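Reviewing the structure listed below.
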Amino acid sequence: MNNQKYLDLINGEFADKFGKFKDILLTQNKICNLTSVCDDKGVLYKHFLDSIAGEFLFSKGAHVVEIGSGGGFPSIPLKIIRNDLDFTLIDSTHKKCVYLEQVVEKLALNCVQVKNIRAEDGARDKSLREKFDISCARAVARLNTLAEYCMPFVKVGGSFIAYKGDCTDEINEAGRAVKILGGEIAEVFTYDLPENCGKRTLINIKKIKSTPLLYPRGHGMERKKPL
């Protein structure tokens with residue numbers, strides 16, 4: 001990944017919005033428990049840089065759903081540098097949705113909507129199921145569980161992009177789940193964040209056929225008994 005290119009965007013052209021975003025994040029973190037990473041270096045590298053490192057996987061003008069948005073990663077940094085993207089942010093926690101709405105308003109971000117629903121409920125909503133070009137998620141659950149939450153939202157021909165840490169074991173164990181849900185693991189990219197801030201993995205899962213209506217199973221089964 002071209003770390004310097006993205007750092008130049010964060011500290012240069014889009015510095016004002018990233019600065020405002022950081023202020024909102026750290027202020028609201030005292031209320032919402034959004035992140036344990038609060039130091040300047042951590043926010044810059046582990047949140048901002050890591051979020052936009054995958055922007056090359058997001059096609060121009062894509063309609064994107066983010067599952068478990070929480071603090072707004074990767075969605076908000078991606079939206080700041082890629083105004084062409086249309087985002088729907090899904091989170092089950094009301095406080096976090098209120099925070100996300102504040103971020104959208106204060107940063108004047110267009111084409112971003114926030115939905116306070118559970119992913120498994122949203123995936124059964126006809127207005128959301130298989131309606132998106134891309135679904136994405138970062139640090140929500142193990143990949144086999146995450147795939148069951150995310151893939152039902154994606155159109156056939158679209159992608160589920162998972163932001164993970166060092167996760168070779170998760171990729172291996174998720175193969176069966178991905179296949180059942182109508183996907184195939186197309187690409188895996190690994191990279192290091194600067195200053196020993198950690199190893200990261202981007203997993204691009206292509207949707208090659210519709211997800212069976214049985215999934216997601218709901219009632220916590222995605223976590224209790226992963227596919």
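Residue numbering restarts at 1 in every chain; chains get A, B, ... in the order shown in the structure tokens, and ligands count up from 1 in that same order.
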**Report entry** Members of range 13-102 of chain A assigned helix (DSSP H, G or I) by DSSP, as a ChimeraX atom specification
**Finding:** /A:15-32,40-52,55-57,75-81,94-102
Report as a Markdown table the residues of range 85-161 of chain A within 6 Å of range 209-224 of chain A, each with its shortest atom pair and distance in Å (one decimal), using only C-alpha atoms, ordered by chain and increasing residue number.
| residue | atom | partner | partner_atom | distance |
| --- | --- | --- | --- | --- |
| A:Glu120 | CA | A:Gly218 | CA | 5.7 |
| A:Thr145 | CA | A:Glu222 | CA | 5.3 |
| A:Glu148 | CA | A:Pro216 | CA | 5.6 |
| A:Pro152 | CA | A:Thr211 | CA | 5.7 |
| A:Val156 | CA | A:Lys209 | CA | 5.5 |
Show me, as JSON lines, the residues of range 42-84 of chain A having an atom within 9 Å of range 202-206 of chain A, each with the closest atom pair and its distance in Å, using only C-alpha atoms.
{"residue": "A:Ala53", "atom": "CA", "partner": "A:Leu202", "partner_atom": "CA", "distance": 8.8}
{"residue": "A:Gly54", "atom": "CA", "partner": "A:Leu202", "partner_atom": "CA", "distance": 6.9}
{"residue": "A:Leu57", "atom": "CA", "partner": "A:Asn204", "partner_atom": "CA", "distance": 7.8}
With the cut-off set at 10 Å and counting only C-alpha atoms, tabulate each residue of range 151-189 of chain A with an atom at most that distance from an atom of range 196-201 of chain A, showing the nearest atom pair and its distance in Å to one decimal, ordered by chain and increasing number, as JSON lines.
{"residue": "A:Ala162", "atom": "CA", "partner": "A:Thr201", "partner_atom": "CA", "distance": 8.1}
{"residue": "A:Tyr163", "atom": "CA", "partner": "A:Thr201", "partner_atom": "CA", "distance": 6.1}
{"residue": "A:Lys164", "atom": "CA", "partner": "A:Thr201", "partner_atom": "CA", "distance": 5.0}
{"residue": "A:Gly165", "atom": "CA", "partner": "A:Arg200", "partner_atom": "CA", "distance": 4.3}
{"residue": "A:Asp166", "atom": "CA", "partner": "A:Arg200", "partner_atom": "CA", "distance": 5.7}
{"residue": "A:Cys167", "atom": "CA", "partner": "A:Thr201", "partner_atom": "CA", "distance": 7.1}
{"residue": "A:Thr168", "atom": "CA", "partner": "A:Thr201", "partner_atom": "CA", "distance": 8.9}
{"residue": "A:Val188", "atom": "CA", "partner": "A:Thr201", "partner_atom": "CA", "distance": 6.9}
{"residue": "A:Phe189", "atom": "CA", "partner": "A:Thr201", "partner_atom": "CA", "distance": 5.6}
Go ahead and save the picked residues with all heavy atoms, as a PDB file, in the first residue's frame.
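Okay, this is what ended up in selection-v8.pdb:
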ATOM      1  N   ALA A 162     -13.528  -7.026   3.604  1.00  0.00           N
ATOM      2  CA  ALA A 162     -13.298  -7.156   5.044  1.00  0.00           C
ATOM      3  C   ALA A 162     -11.944  -6.566   5.408  1.00  0.00           C
ATOM      4  O   ALA A 162     -10.927  -6.900   4.789  1.00  0.00           O
ATOM      5  CB  ALA A 162     -13.363  -8.624   5.458  1.00  0.00           C
ATOM      6  N   TYR A 163     -11.940  -5.683   6.396  1.00  0.00           N
ATOM      7  CA  TYR A 163     -10.719  -5.115   6.950  1.00  0.00           C
ATOM      8  C   TYR A 163     -10.365  -5.910   8.201  1.00  0.00           C
ATOM      9  O   TYR A 163     -11.128  -5.932   9.166  1.00  0.00           O
ATOM     10  CB  TYR A 163     -10.954  -3.661   7.363  1.00  0.00           C
ATOM     11  CG  TYR A 163     -10.943  -2.638   6.261  1.00  0.00           C
ATOM     12  CD1 TYR A 163     -11.946  -2.593   5.294  1.00  0.00           C
ATOM     13  CD2 TYR A 163      -9.945  -1.665   6.208  1.00  0.00           C
ATOM     14  CE1 TYR A 163     -11.951  -1.623   4.306  1.00  0.00           C
ATOM     15  CE2 TYR A 163      -9.943  -0.689   5.230  1.00  0.00           C
ATOM     16  CZ  TYR A 163     -10.947  -0.672   4.278  1.00  0.00           C
ATOM     17  OH  TYR A 163     -10.948   0.296   3.300  1.00  0.00           O
ATOM     18  N   LYS A 164      -9.220  -6.573   8.188  1.00  0.00           N
ATOM     19  CA  LYS A 164      -8.825  -7.426   9.303  1.00  0.00           C
ATOM     20  C   LYS A 164      -7.376  -7.165   9.690  1.00  0.00           C
ATOM     21  O   LYS A 164      -6.652  -6.472   8.991  1.00  0.00           O
ATOM     22  CB  LYS A 164      -8.977  -8.909   8.919  1.00  0.00           C
ATOM     23  CG  LYS A 164     -10.358  -9.321   8.442  1.00  0.00           C
ATOM     24  CD  LYS A 164     -11.401  -9.284   9.547  1.00  0.00           C
ATOM     25  CE  LYS A 164     -11.184 -10.358  10.575  1.00  0.00           C
ATOM     26  NZ  LYS A 164     -12.239 -10.385  11.608  1.00  0.00           N
ATOM     27  N   GLY A 165      -6.963  -7.778  10.799  1.00  0.00           N
ATOM     28  CA  GLY A 165      -5.571  -7.746  11.200  1.00  0.00           C
ATOM     29  C   GLY A 165      -4.823  -8.886  10.526  1.00  0.00           C
ATOM     30  O   GLY A 165      -5.112  -9.243   9.383  1.00  0.00           O
ATOM     31  N   ASP A 166      -3.905  -9.489  11.237  1.00  0.00           N
ATOM     32  CA  ASP A 166      -3.171 -10.641  10.725  1.00  0.00           C
ATOM     33  C   ASP A 166      -4.076 -11.863  10.892  1.00  0.00           C
ATOM     34  O   ASP A 166      -4.299 -12.312  12.011  1.00  0.00           O
ATOM     35  CB  ASP A 166      -1.870 -10.807  11.519  1.00  0.00           C
ATOM     36  CG  ASP A 166      -0.911 -11.787  10.882  1.00  0.00           C
ATOM     37  OD1 ASP A 166      -1.238 -12.332   9.814  1.00  0.00           O
ATOM     38  OD2 ASP A 166       0.167 -12.016  11.460  1.00  0.00           O
ATOM     39  N   CYS A 167      -4.616 -12.393   9.794  1.00  0.00           N
ATOM     40  CA  CYS A 167      -5.757 -13.307   9.934  1.00  0.00           C
ATOM     41  C   CYS A 167      -5.735 -14.513   8.997  1.00  0.00           C
ATOM     42  O   CYS A 167      -6.797 -14.929   8.506  1.00  0.00           O
ATOM     43  CB  CYS A 167      -7.054 -12.538   9.733  1.00  0.00           C
ATOM     44  SG  CYS A 167      -7.281 -11.933   8.053  1.00  0.00           S
ATOM     45  N   THR A 168      -4.592 -15.081   8.756  1.00  0.00           N
ATOM     46  CA  THR A 168      -4.505 -16.243   7.862  1.00  0.00           C
ATOM     47  C   THR A 168      -5.434 -17.362   8.310  1.00  0.00           C
ATOM     48  O   THR A 168      -6.110 -18.001   7.494  1.00  0.00           O
ATOM     49  CB  THR A 168      -3.065 -16.769   7.806  1.00  0.00           C
ATOM     50  OG1 THR A 168      -2.210 -15.714   7.353  1.00  0.00           O
ATOM     51  CG2 THR A 168      -2.955 -17.947   6.851  1.00  0.00           C
ATOM     52  N   VAL A 188      -6.543 -11.217  -1.604  1.00  0.00           N
ATOM     53  CA  VAL A 188      -6.120 -10.930  -0.236  1.00  0.00           C
ATOM     54  C   VAL A 188      -4.883 -10.044  -0.298  1.00  0.00           C
ATOM     55  O   VAL A 188      -3.901 -10.383  -0.966  1.00  0.00           O
ATOM     56  CB  VAL A 188      -5.809 -12.224   0.550  1.00  0.00           C
ATOM     57  CG1 VAL A 188      -5.297 -11.886   1.948  1.00  0.00           C
ATOM     58  CG2 VAL A 188      -7.040 -13.123   0.627  1.00  0.00           C
ATOM     59  N   PHE A 189      -4.947  -8.907   0.362  1.00  0.00           N
ATOM     60  CA  PHE A 189      -3.826  -7.965   0.383  1.00  0.00           C
ATOM     61  C   PHE A 189      -3.356  -7.799   1.825  1.00  0.00           C
ATOM     62  O   PHE A 189      -4.172  -7.582   2.724  1.00  0.00           O
ATOM     63  CB  PHE A 189      -4.257  -6.596  -0.160  1.00  0.00           C
ATOM     64  CG  PHE A 189      -4.784  -6.617  -1.558  1.00  0.00           C
ATOM     65  CD1 PHE A 189      -6.142  -6.782  -1.793  1.00  0.00           C
ATOM     66  CD2 PHE A 189      -3.933  -6.478  -2.643  1.00  0.00           C
ATOM     67  CE1 PHE A 189      -6.650  -6.803  -3.087  1.00  0.00           C
ATOM     68  CE2 PHE A 189      -4.422  -6.500  -3.942  1.00  0.00           C
ATOM     69  CZ  PHE A 189      -5.789  -6.663  -4.163  1.00  0.00           C
TER      70      PHE A 189
END
Query raised in the report: In terms of the shortest atom-to-atom distance over only C-alpha atoms, which of A:Asp16, A:Cys136, A:Ser59, A:Pro77 is closest to Leu89 in chain A?
Result: A:Cys136
Report task. Write out as JSON, numbers by chain which residues come within 12 Å of Lys5 in chain A when counting only C-alpha atoms, dropping same-chain ones fewer than 3 positions away. Result -> {"A": [1, 2, 8, 9, 10, 11, 12, 13, 49, 52, 53, 55, 81]}
Dump as an mmCIF file, in the first residue's frame, selection limited to all heavy atoms:
data_model
loop_
_atom_site.group_PDB
_atom_site.id
_atom_site.type_symbol
_atom_site.label_atom_id
_atom_site.label_comp_id
_atom_site.auth_asym_id
_atom_site.auth_seq_id
_atom_site.Cartn_x
_atom_site.Cartn_y
_atom_site.Cartn_z
ATOM 1 N N MET A 1 0.832 -1.193 0.000
ATOM 2 C CA MET A 1 0.000 0.000 0.000
ATOM 3 C C MET A 1 0.878 1.258 0.000
ATOM 4 O O MET A 1 1.945 1.263 0.621
ATOM 5 C CB MET A 1 -0.893 0.021 1.241
ATOM 6 C CG MET A 1 -1.772 -1.203 1.377
ATOM 7 S SD MET A 1 -2.865 -1.412 -0.040
ATOM 8 C CE MET A 1 -2.940 -3.192 -0.121
ATOM 9 N N ASN A 2 0.423 2.287 -0.677
ATOM 10 C CA ASN A 2 1.190 3.522 -0.773
ATOM 11 C C ASN A 2 0.860 4.412 0.428
ATOM 12 O O ASN A 2 0.040 5.325 0.349
ATOM 13 C CB ASN A 2 0.868 4.237 -2.094
ATOM 14 C CG ASN A 2 1.815 5.385 -2.359
ATOM 15 O OD1 ASN A 2 2.421 5.936 -1.448
ATOM 16 N ND2 ASN A 2 1.944 5.759 -3.619
ATOM 17 N N ASP A 8 -0.388 11.892 2.736
ATOM 18 C CA ASP A 8 -0.423 13.222 2.125
ATOM 19 C C ASP A 8 -1.860 13.727 1.992
ATOM 20 O O ASP A 8 -2.123 14.927 2.157
ATOM 21 C CB ASP A 8 0.249 13.190 0.756
ATOM 22 C CG ASP A 8 1.763 13.062 0.842
ATOM 23 O OD1 ASP A 8 2.315 13.272 1.939
ATOM 24 O OD2 ASP A 8 2.390 12.735 -0.191
ATOM 25 N N LEU A 9 -2.792 12.840 1.699
ATOM 26 C CA LEU A 9 -4.203 13.238 1.610
ATOM 27 C C LEU A 9 -4.748 13.630 2.982
ATOM 28 O O LEU A 9 -5.462 14.625 3.132
ATOM 29 C CB LEU A 9 -5.037 12.097 1.025
ATOM 30 C CG LEU A 9 -4.828 11.766 -0.449
ATOM 31 C CD1 LEU A 9 -5.637 10.532 -0.834
ATOM 32 C CD2 LEU A 9 -5.208 12.940 -1.341
ATOM 33 N N ILE A 10 -4.412 12.820 3.995
ATOM 34 C CA ILE A 10 -4.906 13.074 5.348
ATOM 35 C C ILE A 10 -4.355 14.390 5.894
ATOM 36 O O ILE A 10 -5.094 15.183 6.497
ATOM 37 C CB ILE A 10 -4.517 11.911 6.287
ATOM 38 C CG1 ILE A 10 -5.230 10.620 5.868
ATOM 39 C CG2 ILE A 10 -4.847 12.256 7.744
ATOM 40 C CD1 ILE A 10 -4.697 9.363 6.542
ATOM 41 N N ASN A 11 -3.075 14.624 5.684
ATOM 42 C CA ASN A 11 -2.413 15.810 6.256
ATOM 43 C C ASN A 11 -2.421 17.025 5.340
ATOM 44 O O ASN A 11 -2.051 18.119 5.762
ATOM 45 C CB ASN A 11 -0.961 15.466 6.614
ATOM 46 C CG ASN A 11 -0.877 14.430 7.715
ATOM 47 O OD1 ASN A 11 -1.604 14.494 8.695
ATOM 48 N ND2 ASN A 11 0.024 13.456 7.553
ATOM 49 N N GLY A 12 -2.857 16.816 4.093
ATOM 50 C CA GLY A 12 -2.841 17.909 3.127
ATOM 51 C C GLY A 12 -4.224 18.327 2.691
ATOM 52 O O GLY A 12 -4.919 19.060 3.403
ATOM 53 N N GLU A 13 -4.651 17.847 1.533
ATOM 54 C CA GLU A 13 -5.910 18.272 0.926
ATOM 55 C C GLU A 13 -7.119 18.132 1.847
ATOM 56 O O GLU A 13 -8.016 18.984 1.842
ATOM 57 C CB GLU A 13 -6.138 17.452 -0.354
ATOM 58 C CG GLU A 13 -7.396 17.834 -1.129
ATOM 59 C CD GLU A 13 -7.558 17.014 -2.400
ATOM 60 O OE1 GLU A 13 -6.645 16.215 -2.723
ATOM 61 O OE2 GLU A 13 -8.602 17.189 -3.066
ATOM 62 N N LEU A 49 -5.432 6.067 8.353
ATOM 63 C CA LEU A 49 -4.654 5.463 7.267
ATOM 64 C C LEU A 49 -5.173 4.062 6.942
ATOM 65 O O LEU A 49 -5.343 3.714 5.768
ATOM 66 C CB LEU A 49 -3.178 5.402 7.642
ATOM 67 C CG LEU A 49 -2.245 4.762 6.604
ATOM 68 C CD1 LEU A 49 -2.304 5.509 5.278
ATOM 69 C CD2 LEU A 49 -0.814 4.713 7.123
ATOM 70 N N ILE A 52 -8.445 4.155 4.772
ATOM 71 C CA ILE A 52 -8.377 4.542 3.357
ATOM 72 C C ILE A 52 -7.405 3.676 2.558
ATOM 73 O O ILE A 52 -7.351 3.772 1.334
ATOM 74 C CB ILE A 52 -8.052 6.038 3.175
ATOM 75 C CG1 ILE A 52 -6.664 6.389 3.702
ATOM 76 C CG2 ILE A 52 -9.112 6.883 3.855
ATOM 77 C CD1 ILE A 52 -6.285 7.847 3.443
ATOM 78 N N ALA A 53 -6.680 2.790 3.247
ATOM 79 C CA ALA A 53 -5.748 1.903 2.533
ATOM 80 C C ALA A 53 -6.458 1.012 1.528
ATOM 81 O O ALA A 53 -5.868 0.588 0.538
ATOM 82 C CB ALA A 53 -4.972 1.046 3.534
ATOM 83 N N GLU A 55 -9.084 1.893 -0.361
ATOM 84 C CA GLU A 55 -9.965 2.658 -1.254
ATOM 85 C C GLU A 55 -9.892 2.200 -2.701
ATOM 86 O O GLU A 55 -10.860 2.338 -3.449
ATOM 87 C CB GLU A 55 -9.692 4.161 -1.134
ATOM 88 C CG GLU A 55 -8.353 4.622 -1.649
ATOM 89 C CD GLU A 55 -8.384 4.986 -3.137
ATOM 90 O OE1 GLU A 55 -9.490 5.204 -3.665
ATOM 91 O OE2 GLU A 55 -7.308 5.018 -3.748
ATOM 92 N N ILE A 81 -12.258 11.202 1.442
ATOM 93 C CA ILE A 81 -11.376 11.294 0.268
ATOM 94 C C ILE A 81 -12.047 10.841 -1.030
ATOM 95 O O ILE A 81 -11.523 11.103 -2.111
ATOM 96 C CB ILE A 81 -10.068 10.507 0.471
ATOM 97 C CG1 ILE A 81 -10.309 9.000 0.461
ATOM 98 C CG2 ILE A 81 -9.351 10.961 1.738
ATOM 99 C CD1 ILE A 81 -9.055 8.186 0.230
#
Requested in this report: Between CA of Arg124 in chain A and CA of Gly157 in chain A, measure the distance and give it in Å to one decimal.
Outcome: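 CA of Arg124 in chain A sits 19.3 Å away from CA of Gly157 in chain A.
Atom to atom, CA of Lys96 in chain A and CA of Gly70 in chain A stand 5.8 Å apart.
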